[in-house]
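Visitor: So that you have it, the file is protein-v2.pdb, and it contains PDB, C-alpha atoms:
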```
ATOM      1  CA  MET A  22     163.594 115.015  64.231
ATOM      2  CA  ASN A  23     160.603 117.161  63.209
ATOM      3  CA  LYS A  24     158.595 115.559  60.451
ATOM      4  CA  PRO A  25     157.359 117.877  57.700
ATOM      5  CA  ALA A  26     153.597 118.346  57.424
ATOM      6  CA  GLY A  27     152.029 115.671  55.272
ATOM      7  CA  SER A  28     155.043 113.362  55.381
ATOM      8  CA  ASP A  29     152.943 110.541  56.860
ATOM      9  CA  TYR A  30     150.446 110.865  54.032
ATOM     10  CA  ARG A  31     153.325 110.879  51.574
ATOM     11  CA  ALA A  32     154.771 107.723  53.112
ATOM     12  CA  LEU A  33     151.383 105.999  52.838
ATOM     13  CA  ALA A  34     151.148 107.035  49.184
ATOM     14  CA  LEU A  35     154.642 105.658  48.526
ATOM     15  CA  ILE A  36     153.682 102.351  50.163
ATOM     16  CA  SER A  37     150.595 102.125  47.938
ATOM     17  CA  ILE A  38     152.776 102.847  44.883
ATOM     18  CA  ALA A  39     155.329 100.209  45.905
ATOM     19  CA  VAL A  40     152.695  97.533  46.530
ATOM     20  CA  SER A  41     150.803  98.240  43.302
ATOM     21  CA  GLU A  42     154.056  98.244  41.293
ATOM     22  CA  MET A  43     154.911  94.795  42.680
ATOM     23  CA  VAL A  44     151.474  93.282  42.116
ATOM     24  CA  ALA A  45     150.422  94.890  38.827
ATOM     25  CA  PRO A  46     153.175  93.377  36.575
ATOM     26  CA  ILE A  47     152.332  89.888  37.916
ATOM     27  CA  LEU A  48     148.615  90.394  37.197
ATOM     28  CA  LEU A  49     149.495  91.862  33.793
ATOM     29  CA  GLY A  50     151.625  88.781  33.036
ATOM     30  CA  ILE A  51     148.781  86.409  34.018
ATOM     31  CA  TRP A  52     146.327  88.410  31.892
ATOM     32  CA  LEU A  53     148.674  88.346  28.867
ATOM     33  CA  ASP A  54     149.125  84.575  29.350
ATOM     34  CA  SER A  55     145.371  84.062  29.292
ATOM     35  CA  LEU A  56     145.034  86.328  26.248
ATOM     36  CA  PHE A  57     147.801  84.789  24.096
ATOM     37  CA  ALA A  58     148.010  81.315  25.721
ATOM     38  CA  SER A  59     151.686  82.037  26.365
ATOM     39  CA  GLY A  60     151.831  80.600  29.899
ATOM     40  CA  PRO A  61     153.871  80.526  31.999
ATOM     41  CA  TRP A  62     156.114  83.142  30.352
ATOM     42  CA  GLY A  63     153.886  86.143  31.076
ATOM     43  CA  LEU A  64     153.722  85.102  34.717
ATOM     44  CA  VAL A  65     157.507  84.512  34.869
ATOM     45  CA  ILE A  66     158.412  87.864  33.258
ATOM     46  CA  GLY A  67     155.708  89.682  35.264
ATOM     47  CA  SER A  68     156.975  88.120  38.484
ATOM     48  CA  ILE A  69     160.601  89.117  37.776
ATOM     49  CA  LEU A  70     159.514  92.611  36.805
ATOM     50  CA  GLY A  71     157.176  92.912  39.795
ATOM     51  CA  VAL A  72     159.357  91.431  42.498
ATOM     52  CA  VAL A  73     162.902  92.465  41.433
ATOM     53  CA  GLY A  74     161.908  95.733  39.724
ATOM     54  CA  GLY A  75     159.363  96.574  42.420
ATOM     55  CA  VAL A  76     161.818  96.018  45.280
ATOM     56  CA  ALA A  77     164.605  97.913  43.452
ATOM     57  CA  HIS A  78     162.205 100.793  42.796
ATOM     58  CA  LEU A  79     161.062 100.739  46.438
ATOM     59  CA  ILE A  80     164.699 101.093  47.585
ATOM     60  CA  LEU A  81     165.177 103.943  45.103
ATOM     61  CA  LEU A  82     161.985 105.699  46.289
ATOM     62  CA  ALA A  83     163.110 105.351  49.916
ATOM     63  CA  ARG A  84     166.558 106.809  49.093
ATOM     64  CA  ARG A  85     164.968 109.734  47.211
ATOM     65  CA  GLU A  86     162.655 110.336  50.156
ATOM     66  CA  GLU A  87     165.647 110.441  52.544
ATOM     67  CA  ARG A  88     167.265 113.161  50.432
ATOM     68  CA  ARG A  89     164.043 115.154  50.061
ATOM     69  CA  PRO A  90     164.176 118.539  51.834
ATOM     70  CA  PRO A  91     161.501 118.994  54.531
ATOM     71  CA  ALA A  92     158.357 120.871  53.454
ATOM     72  CA  SER A  93     158.145 124.423  54.724
ATOM     73  CA  SER A  94     154.553 124.341  56.012
TER      74      SER A  94
ATOM     75  CA  MET B   9     111.037  96.707  44.597
ATOM     76  CA  ALA B  10     113.957  94.789  43.090
ATOM     77  CA  LEU B  11     115.807  92.625  45.591
ATOM     78  CA  ASP B  12     119.081  92.932  43.706
ATOM     79  CA  PRO B  13     121.178  95.733  45.330
ATOM     80  CA  LEU B  14     123.173  96.135  42.117
ATOM     81  CA  GLU B  15     120.026  97.354  40.328
ATOM     82  CA  HIS B  16     119.959 100.297  42.723
ATOM     83  CA  VAL B  17     123.663 101.145  42.277
ATOM     84  CA  VAL B  18     124.437 100.482  38.607
ATOM     85  CA  ASP B  19     123.682 103.310  36.156
ATOM     86  CA  HIS B  20     120.491 103.179  34.054
ATOM     87  CA  ALA B  21     118.487 105.393  31.691
ATOM     88  CA  TRP B  22     116.590 108.051  33.649
ATOM     89  CA  VAL B  23     115.240 110.709  31.284
ATOM     90  CA  GLY B  24     114.889 109.168  27.829
ATOM     91  CA  PRO B  25     118.311 107.928  26.740
ATOM     92  CA  ILE B  26     120.122 110.103  29.319
ATOM     93  CA  THR B  27     121.329 108.065  32.270
ATOM     94  CA  LYS B  28     121.053 108.833  35.973
ATOM     95  CA  HIS B  29     124.795 109.333  36.411
ATOM     96  CA  GLN B  30     125.001 111.671  33.398
ATOM     97  CA  ILE B  31     122.340 113.926  34.924
ATOM     98  CA  LEU B  32     123.935 113.743  38.372
ATOM     99  CA  LEU B  33     127.343 114.683  36.927
ATOM    100  CA  VAL B  34     125.792 117.897  35.568
ATOM    101  CA  VAL B  35     124.037 118.488  38.902
ATOM    102  CA  ALA B  36     127.347 117.986  40.763
ATOM    103  CA  GLY B  37     129.080 120.424  38.375
ATOM    104  CA  LEU B  38     126.401 123.056  39.022
ATOM    105  CA  LEU B  39     126.441 122.469  42.798
ATOM    106  CA  VAL B  40     130.187 123.129  42.779
ATOM    107  CA  ALA B  41     130.224 125.990  40.285
ATOM    108  CA  ILE B  42     127.378 128.161  41.611
ATOM    109  CA  PRO B  43     128.466 128.708  45.259
ATOM    110  CA  PHE B  44     132.175 128.884  44.477
ATOM    111  CA  MET B  45     131.689 131.352  41.617
ATOM    112  CA  ALA B  46     129.675 133.453  44.063
ATOM    113  CA  LEU B  47     132.509 133.146  46.605
ATOM    114  CA  ALA B  48     135.051 134.151  43.947
ATOM    115  CA  ARG B  49     132.935 137.207  43.074
ATOM    116  CA  ARG B  50     132.763 138.218  46.739
ATOM    117  CA  THR B  51     136.546 137.971  47.205
ATOM    118  CA  ARG B  52     137.466 139.435  43.802
ATOM    119  CA  ASN B  53     138.406 142.809  45.284
ATOM    120  CA  GLY B  54     140.626 141.244  47.933
ATOM    121  CA  GLU B  55     137.906 141.446  50.585
ATOM    122  CA  LEU B  56     137.577 138.648  53.127
ATOM    123  CA  PRO B  57     134.353 136.605  52.861
ATOM    124  CA  LYS B  58     131.939 137.303  55.714
ATOM    125  CA  GLY B  59     129.289 134.948  57.108
ATOM    126  CA  PRO B  60     129.407 131.310  58.268
ATOM    127  CA  PHE B  61     128.501 129.825  54.864
ATOM    128  CA  TRP B  62     131.174 131.724  52.955
ATOM    129  CA  ASN B  63     133.730 131.106  55.713
ATOM    130  CA  PHE B  64     132.948 127.383  55.540
ATOM    131  CA  LEU B  65     133.587 127.332  51.771
ATOM    132  CA  GLU B  66     136.779 129.333  52.250
ATOM    133  CA  MET B  67     137.936 126.960  54.996
ATOM    134  CA  ILE B  68     137.651 123.964  52.618
ATOM    135  CA  LEU B  69     139.726 125.747  49.972
ATOM    136  CA  LEU B  70     142.383 126.900  52.442
ATOM    137  CA  TYR B  71     142.689 123.398  53.904
ATOM    138  CA  ILE B  72     143.381 121.908  50.464
ATOM    139  CA  ARG B  73     145.905 124.674  49.735
ATOM    140  CA  ASP B  74     147.791 124.611  53.052
ATOM    141  CA  GLU B  75     147.618 120.941  54.044
ATOM    142  CA  VAL B  76     147.534 119.148  50.698
ATOM    143  CA  ALA B  77     148.855 121.181  47.766
ATOM    144  CA  ARG B  78     151.690 123.254  49.218
ATOM    145  CA  PRO B  79     153.391 120.534  51.340
ATOM    146  CA  ASN B  80     153.322 118.024  48.466
ATOM    147  CA  ILE B  81     153.842 120.121  45.328
ATOM    148  CA  GLY B  82     155.977 122.855  46.876
ATOM    149  CA  GLU B  83     155.282 126.502  47.740
ATOM    150  CA  HIS B  84     156.534 127.672  44.369
ATOM    151  CA  ASP B  85     154.401 125.492  42.088
ATOM    152  CA  ALA B  86     151.352 124.615  44.189
ATOM    153  CA  ASP B  87     149.294 127.737  43.503
ATOM    154  CA  ARG B  88     149.363 127.095  39.730
ATOM    155  CA  PHE B  89     147.587 123.782  40.242
ATOM    156  CA  LEU B  90     145.184 124.915  42.969
ATOM    157  CA  PRO B  91     142.203 125.631  40.657
ATOM    158  CA  PHE B  92     142.506 122.090  39.269
ATOM    159  CA  LEU B  93     142.904 120.492  42.705
ATOM    160  CA  TRP B  94     140.034 122.499  44.211
ATOM    161  CA  THR B  95     137.728 121.613  41.330
ATOM    162  CA  LEU B  96     138.730 117.952  41.553
ATOM    163  CA  PHE B  97     138.146 117.769  45.328
ATOM    164  CA  LEU B  98     134.825 119.591  45.319
ATOM    165  CA  PHE B  99     133.484 117.753  42.274
ATOM    166  CA  ILE B 100     134.379 114.308  43.678
ATOM    167  CA  LEU B 101     133.033 115.271  47.117
ATOM    168  CA  VAL B 102     129.678 116.423  45.708
ATOM    169  CA  CYS B 103     129.468 113.333  43.461
ATOM    170  CA  ASN B 104     130.110 111.108  46.498
ATOM    171  CA  LEU B 105     127.602 112.995  48.656
ATOM    172  CA  LEU B 106     124.849 112.789  46.015
ATOM    173  CA  GLY B 107     124.769 109.062  46.755
ATOM    174  CA  MET B 108     123.601 109.845  50.298
ATOM    175  CA  VAL B 109     120.448 111.549  48.987
ATOM    176  CA  PRO B 110     117.513 109.094  48.711
ATOM    177  CA  PHE B 111     116.655 108.080  45.119
ATOM    178  CA  LEU B 112     119.812 109.678  43.726
ATOM    179  CA  GLY B 113     123.205 107.964  43.367
ATOM    180  CA  SER B 114     126.938 108.541  43.245
ATOM    181  CA  PRO B 115     128.352 109.018  39.738
ATOM    182  CA  THR B 116     131.712 108.047  41.282
ATOM    183  CA  ALA B 117     130.318 104.529  41.819
ATOM    184  CA  ASP B 118     130.785 104.200  38.034
ATOM    185  CA  ILE B 119     134.244 103.077  36.864
ATOM    186  CA  SER B 120     133.933 105.081  33.621
ATOM    187  CA  VAL B 121     133.563 108.324  35.615
ATOM    188  CA  THR B 122     136.535 107.609  37.889
ATOM    189  CA  LEU B 123     138.651 106.494  34.914
ATOM    190  CA  VAL B 124     137.996 109.832  33.176
ATOM    191  CA  LEU B 125     138.906 111.713  36.376
ATOM    192  CA  ALA B 126     142.123 109.682  36.746
ATOM    193  CA  GLY B 127     142.851 110.176  33.022
ATOM    194  CA  MET B 128     142.621 113.950  33.484
ATOM    195  CA  VAL B 129     144.960 113.730  36.480
ATOM    196  CA  PHE B 130     147.394 111.647  34.399
ATOM    197  CA  LEU B 131     147.343 114.245  31.596
ATOM    198  CA  VAL B 132     147.793 117.207  33.961
ATOM    199  CA  ILE B 133     150.687 115.506  35.802
ATOM    200  CA  HIS B 134     152.620 114.488  32.681
ATOM    201  CA  VAL B 135     151.945 117.576  30.545
ATOM    202  CA  ALA B 136     152.960 119.775  33.517
ATOM    203  CA  ALA B 137     156.129 117.699  33.999
ATOM    204  CA  ILE B 138     157.047 118.040  30.292
ATOM    205  CA  MET B 139     156.412 121.811  30.423
ATOM    206  CA  GLU B 140     158.471 122.122  33.617
ATOM    207  CA  ASN B 141     161.449 119.894  32.758
ATOM    208  CA  GLY B 142     161.367 119.709  28.948
ATOM    209  CA  VAL B 143     160.994 116.470  26.981
ATOM    210  CA  GLY B 144     164.596 115.408  27.757
ATOM    211  CA  GLY B 145     164.272 116.038  31.478
ATOM    212  CA  TYR B 146     160.906 114.290  31.512
ATOM    213  CA  VAL B 147     162.302 111.164  29.790
ATOM    214  CA  LYS B 148     165.376 111.214  32.065
ATOM    215  CA  SER B 149     163.109 111.237  35.123
ATOM    216  CA  PHE B 150     162.160 107.635  34.260
ATOM    217  CA  ILE B 151     165.803 106.497  34.122
ATOM    218  CA  PRO B 152     167.372 106.199  37.586
ATOM    219  CA  HIS B 153     170.972 107.137  38.233
ATOM    220  CA  LEU B 154     172.546 104.408  40.359
ATOM    221  CA  GLU B 155     176.077 104.532  41.726
ATOM    222  CA  ALA B 156     178.309 101.574  42.566
ATOM    223  CA  ASP B 157     181.725 101.180  44.236
ATOM    224  CA  ASN B 158     183.166  98.658  41.822
ATOM    225  CA  LEU B 159     182.998  97.915  38.093
ATOM    226  CA  PRO B 160     181.148  94.526  38.149
ATOM    227  CA  MET B 161     178.400  96.034  40.305
ATOM    228  CA  LYS B 162     178.218  99.085  38.032
ATOM    229  CA  ILE B 163     177.807  96.806  34.978
ATOM    230  CA  PHE B 164     175.176  94.722  36.800
ATOM    231  CA  LEU B 165     173.214  97.843  37.784
ATOM    232  CA  THR B 166     173.465  99.423  34.325
ATOM    233  CA  VAL B 167     172.596  96.265  32.365
ATOM    234  CA  PHE B 168     170.004  94.662  34.629
ATOM    235  CA  ILE B 169     168.593  96.920  37.356
ATOM    236  CA  VAL B 170     168.378 100.295  35.566
ATOM    237  CA  PRO B 171     166.273  98.953  32.621
ATOM    238  CA  LEU B 172     164.086  97.031  35.087
ATOM    239  CA  ILE B 173     163.449 100.123  37.228
ATOM    240  CA  SER B 174     162.843 102.223  34.090
ATOM    241  CA  VAL B 175     160.154  99.775  32.927
ATOM    242  CA  ILE B 176     158.632  99.797  36.426
ATOM    243  CA  GLU B 177     158.731 103.635  36.484
ATOM    244  CA  VAL B 178     156.866 103.829  33.158
ATOM    245  CA  LEU B 179     154.404 101.119  34.224
ATOM    246  CA  GLY B 180     154.114 102.855  37.598
ATOM    247  CA  ALA B 181     152.925 106.085  35.975
ATOM    248  CA  LEU B 182     150.037 104.171  34.373
ATOM    249  CA  ILE B 183     149.427 102.049  37.481
ATOM    250  CA  ARG B 184     149.128 105.152  39.691
ATOM    251  CA  ALA B 185     146.376 106.591  37.485
ATOM    252  CA  ALA B 186     144.591 103.225  37.328
ATOM    253  CA  VAL B 187     144.835 102.785  41.108
ATOM    254  CA  LEU B 188     143.383 106.294  41.640
ATOM    255  CA  ALA B 189     140.361 105.349  39.524
ATOM    256  CA  ILE B 190     139.888 101.886  41.018
ATOM    257  CA  ARG B 191     140.271 103.087  44.631
ATOM    258  CA  LEU B 192     137.582 105.773  44.310
ATOM    259  CA  PHE B 193     135.211 103.541  42.319
ATOM    260  CA  ALA B 194     135.645 100.508  44.611
ATOM    261  CA  ASN B 195     135.118 102.457  47.832
ATOM    262  CA  ILE B 196     131.981 104.256  46.688
ATOM    263  CA  PHE B 197     130.518 101.302  44.770
ATOM    264  CA  ALA B 198     131.153  98.802  47.591
ATOM    265  CA  GLY B 199     129.683 101.179  50.185
ATOM    266  CA  HIS B 200     126.461 101.612  48.228
ATOM    267  CA  VAL B 201     126.149  97.886  47.492
ATOM    268  CA  ALA B 202     126.662  97.083  51.204
ATOM    269  CA  LEU B 203     124.030  99.687  52.142
ATOM    270  CA  GLY B 204     121.690  98.252  49.493
ATOM    271  CA  VAL B 205     122.154  94.687  50.783
ATOM    272  CA  ILE B 206     121.403  95.735  54.369
ATOM    273  CA  LEU B 207     118.323  97.794  53.473
ATOM    274  CA  LEU B 208     116.948  95.031  51.255
ATOM    275  CA  PHE B 209     116.897  92.612  54.204
ATOM    276  CA  ALA B 210     113.733  94.408  55.356
ATOM    277  CA  VAL B 211     112.177  94.077  51.893
ATOM    278  CA  ALA B 212     113.125  90.392  51.755
ATOM    279  CA  ALA B 213     111.456  89.781  55.156
ATOM    280  CA  ARG B 214     108.170  91.527  54.276
ATOM    281  CA  ASP B 215     106.297  88.266  53.633
ATOM    282  CA  GLY B 216     107.380  86.689  56.945
ATOM    283  CA  ALA B 217     105.602  86.784  60.321
ATOM    284  CA  PHE B 218     105.045  90.238  61.844
ATOM    285  CA  HIS B 219     107.581  89.784  64.678
ATOM    286  CA  GLU B 220     110.237  88.557  62.201
ATOM    287  CA  PHE B 221     109.565  91.454  59.849
ATOM    288  CA  GLY B 222     109.666  93.905  62.766
ATOM    289  CA  ALA B 223     112.941  92.563  64.173
ATOM    290  CA  VAL B 224     114.621  92.539  60.742
ATOM    291  CA  THR B 225     113.372  96.057  59.966
ATOM    292  CA  VAL B 226     114.655  97.488  63.274
ATOM    293  CA  ALA B 227     118.057  95.819  62.723
ATOM    294  CA  THR B 228     118.112  97.027  59.120
ATOM    295  CA  VAL B 229     117.355 100.628  60.100
ATOM    296  CA  LEU B 230     120.021 100.619  62.835
ATOM    297  CA  MET B 231     122.687  99.049  60.601
ATOM    298  CA  GLY B 232     121.679 101.225  57.637
ATOM    299  CA  THR B 233     121.999 104.381  59.762
ATOM    300  CA  ALA B 234     125.416 103.316  61.074
ATOM    301  CA  LEU B 235     126.630 102.458  57.576
ATOM    302  CA  SER B 236     125.257 105.746  56.189
ATOM    303  CA  VAL B 237     127.325 107.658  58.759
ATOM    304  CA  LEU B 238     130.362 105.634  57.676
ATOM    305  CA  GLU B 239     129.535 106.370  54.020
ATOM    306  CA  LEU B 240     129.369 110.077  54.812
ATOM    307  CA  PHE B 241     132.889 109.838  56.241
ATOM    308  CA  VAL B 242     134.071 107.773  53.249
ATOM    309  CA  ALA B 243     132.651 110.411  50.854
ATOM    310  CA  PHE B 244     134.911 113.068  52.389
ATOM    311  CA  LEU B 245     137.844 110.695  52.880
ATOM    312  CA  GLN B 246     137.915 109.434  49.293
ATOM    313  CA  ALA B 247     137.674 112.949  47.827
ATOM    314  CA  PHE B 248     140.558 113.955  50.108
ATOM    315  CA  VAL B 249     142.636 110.860  49.254
ATOM    316  CA  PHE B 250     142.140 111.400  45.504
ATOM    317  CA  VAL B 251     143.369 115.002  45.696
ATOM    318  CA  LEU B 252     146.154 114.149  48.156
ATOM    319  CA  LEU B 253     147.528 111.424  45.868
ATOM    320  CA  THR B 254     147.182 113.723  42.854
ATOM    321  CA  SER B 255     149.261 116.367  44.682
ATOM    322  CA  ILE B 256     151.884 113.827  45.757
ATOM    323  CA  PHE B 257     152.209 112.341  42.241
ATOM    324  CA  LEU B 258     152.307 115.851  40.757
ATOM    325  CA  GLY B 259     155.068 116.868  43.159
ATOM    326  CA  MET B 260     157.057 113.686  42.411
ATOM    327  CA  GLN B 261     156.767 114.172  38.652
ATOM    328  CA  LEU B 262     157.517 117.911  38.693
ATOM    329  CA  HIS B 263     160.593 117.544  40.891
ATOM    330  CA  PRO B 264     162.180 114.194  40.041
ATOM    331  CA  GLU B 265     165.315 113.431  42.074
ATOM    332  CA  HIS B 266     168.116 111.070  41.234
TER     333      HIS B 266
END
```
Starting from the file, give its structure as structure tokens.

Guide:
Amino acid sequence: MNKPAGSDYRALALISIAVSEMVAPILLGIWLDSLFASGPWGLVIGSILGVVGGVAHLILLARREERRPPASS
Amino acid sequence: MALDPLEHVVDHAWVGPITKHQILLVVAGLLVAIPFMALARRTRNGELPKGPFWNFLEMILLYIRDEVARPNIGEHDADRFLPFLWTLFLFILVCNLLGMVPFLGSPTADISVTLVLAGMVFLVIHVAAIMENGVGGYVKSFIPHLEADNLPMKIFLTVFIVPLISVIEVLGALIRAAVLAIRLFANIFAGHVALGVILLFAVAARDGAFHEFGAVTVATVLMGTALSVLELFVAFLQAFVFVLLTSIFLGMQLHPEH
């Protein structure tokens, strides 16, 4: 199968999105806990959002990428 | 000479209250604007630019158009955003390269500069998406459409997974802009600090014995030269990565799929 130009770059960008979307909610939860002394709830909600939401979004991104028509150049 | 490498990288007042990075931002703007306005004037009548310098400038622009913008945004929409992408690439590249000139510095080693650049990218991406798809289409692009074979799974997806992904999509839009800013800042800042640390070894050894000072200086010069070459590569790479990711995010937001 011929890969469209730039598809490798696109895949790398998607990986960086997926990783940052998994990590950022957890860090945000920890930061909110330290700000409002609400621990461990920020961490718990951030972890659920990051891990479950991040993985679900990664699957969705991968499915969208499968359906994406190849670039013309 | 200060032995703290951060003193050589962090912004400080240069001319009165005006800081070094503020002046260098204007210099970078002029260094981009002057040659490219001249190139635009030369090609205004549809004539091809002649001469190695003008061909080199044209080659940079064509590379961004053919290898970055069009494959990621799409043939139809890419050309509308090319002036923005070209300006972004050239401005970041010149800002990065200014750090390789002795006694100057990289404005992109300042988080406030990269945050403003990423903020502009965020605005362009989302305003363009609203103009392209309308407010309804734009909002719908954050809500995934998931299909299931049976009713319990459909309820589970609709009640639990769809809201979760929607929150992640909205957060993701902000995270992408933040990551753009942090990536550029961290790469340029860390490179200059590492270069500063290595070069300051020679300064730190100046009071030692002559053979120690000589050995440290030779090692410092060799390592500094090698790291400067790497920094030169990183200057181009990070400008390219910033524009590449901008194009990819722009393409994803303009043409959301479900």

Visitor: Can you give me, as JSON, numbers by chain, the residues this file yields under the PyMOL selection byres ((chain B and resi 234-248) around 8)?

Guide: {"B": [97, 98, 100, 101, 104, 105, 108, 192, 195, 196, 199, 203, 230, 231, 232, 233, 249, 250, 251, 252]}

Visitor: Which residues would end up in the selection if the PyMOL selection byres ((chain B and resi 144-158) around 7) were applied here, given that I need the answer as JSON, numbers by chain?

Guide: {"B": [137, 138, 141, 142, 143, 159, 160, 161, 162, 170, 174, 177, 178, 264, 266]}

Visitor: Would you write out, as JSON, numbers by chain, every residue that the PyMOL selection byres ((chain A and resi 79-86) around 9) captures in this file?

Guide: {"A": [32, 35, 36, 38, 39, 40, 74, 75, 76, 77, 78, 87, 88, 89, 90], "B": [152, 154, 173, 264, 265, 266]}

Visitor: For the atom pair CA of Leu208 in chain B and CA of Val18 in chain B, what is the interatomic distance in Å to one decimal place?

Guide: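 So the two atoms, CA of Leu208 in chain B and CA of Val18 in chain B, lie 15.7 Å apart.
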
Visitor: So, with all atoms listed in the file as the atoms that count, which of B:Arg214, B:Lys58, B:Arg78, B:Arg191 lies closest to chain A?

Guide: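 Nearest to chain A: B:Arg78.
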
Visitor: Identify every residue of chain B that has at least one atom within 6 Å of any atom of chain A, counting all atoms listed in the file, and report the result as a ChimeraX atom specification.

Guide: /B:79,172-173,180

Visitor: Just give me the gap between CA of Ala36 in chain B and CA of Ser114 in chain B in Å, one decimal is fine.

Guide: 9.8 Å

Visitor: Kindly give the distance, in Å, that separates CA of Val211 in chain B and CA of Cys103 in chain B, rounded to a single decimal.

Guide: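 Pair CA of Val211 in chain B / CA of Cys103 in chain B returns 27.2 Å.
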
Visitor: For range 61-179 of chain B against range 19-27 of chain B, with a cut-off of 10 Å and counting only C-alpha atoms, what is the closest atom pair and its distance in Å to one decimal for every residue that makes the cut, ordered by chain and number, as CSV?

Guide:
```
residue,atom,partner,partner_atom,distance
B:Gly113,CA,B:Asp19,CA,8.6
B:Ser114,CA,B:Asp19,CA,9.4
B:Pro115,CA,B:Asp19,CA,8.2
B:Ala117,CA,B:Asp19,CA,8.8
B:Asp118,CA,B:Asp19,CA,7.4
```

Visitor: Please put the answer as AutoDock Vina command-line options: centre and edge lengths, in Å with one decimal, of a box along x, y and z that encloses all listed atoms of range 56-66 of chain A plus 3 Å on each side.

Guide:
```
--center_x 151.7 --center_y 84.2 --center_z 29.5 --size_x 19.4 --size_y 13.3 --size_z 16.8
```

Visitor: Can you pull out every residue within 12 Å of Gly37 in chain B, counting all atoms listed in the file, but drop anything in the same chain fewer than 2 positions away, and send it as a VMD selection string?

Guide: chain B and resid 30 to 35 39 to 45 95 to 103 106 115

Visitor: If you keep C-alpha atoms, can you produce a file of those selected residues as a compact mmCIF listing (two decimals), in the coordinates of the input?

Guide:
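What landed in selection-v2.txt:
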```
# COMPACT_ATOMS: atom_id res chain seq x y z
CA GLN B 30 125.00 111.67 33.40
CA ILE B 31 122.34 113.93 34.92
CA LEU B 32 123.94 113.74 38.37
CA LEU B 33 127.34 114.68 36.93
CA VAL B 34 125.79 117.90 35.57
CA VAL B 35 124.04 118.49 38.90
CA LEU B 39 126.44 122.47 42.80
CA VAL B 40 130.19 123.13 42.78
CA ALA B 41 130.22 125.99 40.28
CA ILE B 42 127.38 128.16 41.61
CA PRO B 43 128.47 128.71 45.26
CA PHE B 44 132.18 128.88 44.48
CA MET B 45 131.69 131.35 41.62
CA THR B 95 137.73 121.61 41.33
CA LEU B 96 138.73 117.95 41.55
CA PHE B 97 138.15 117.77 45.33
CA LEU B 98 134.82 119.59 45.32
CA PHE B 99 133.48 117.75 42.27
CA ILE B 100 134.38 114.31 43.68
CA LEU B 101 133.03 115.27 47.12
CA VAL B 102 129.68 116.42 45.71
CA CYS B 103 129.47 113.33 43.46
CA LEU B 106 124.85 112.79 46.02
CA PRO B 115 128.35 109.02 39.74
```

Visitor: I want to know what sits within 10 Å of Gly127 in chain B, based on only C-alpha atoms, with residues of the same chain fewer than 6 positions away left out; could you give that as a list in words?

Guide: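 Near Gly127 in chain B, the qualifying residues are Val121, Ile133, Leu182, Ala185, Ala186, Leu188 and Ala189 of chain B.
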
Visitor: Skipping near chain neighbours, those fewer than 2 positions away, what residues fall within 12 Å of Gly50 in chain A using all atoms listed in the file, listed as a ChimeraX atom specification?

Guide: /A:43-48,52-71
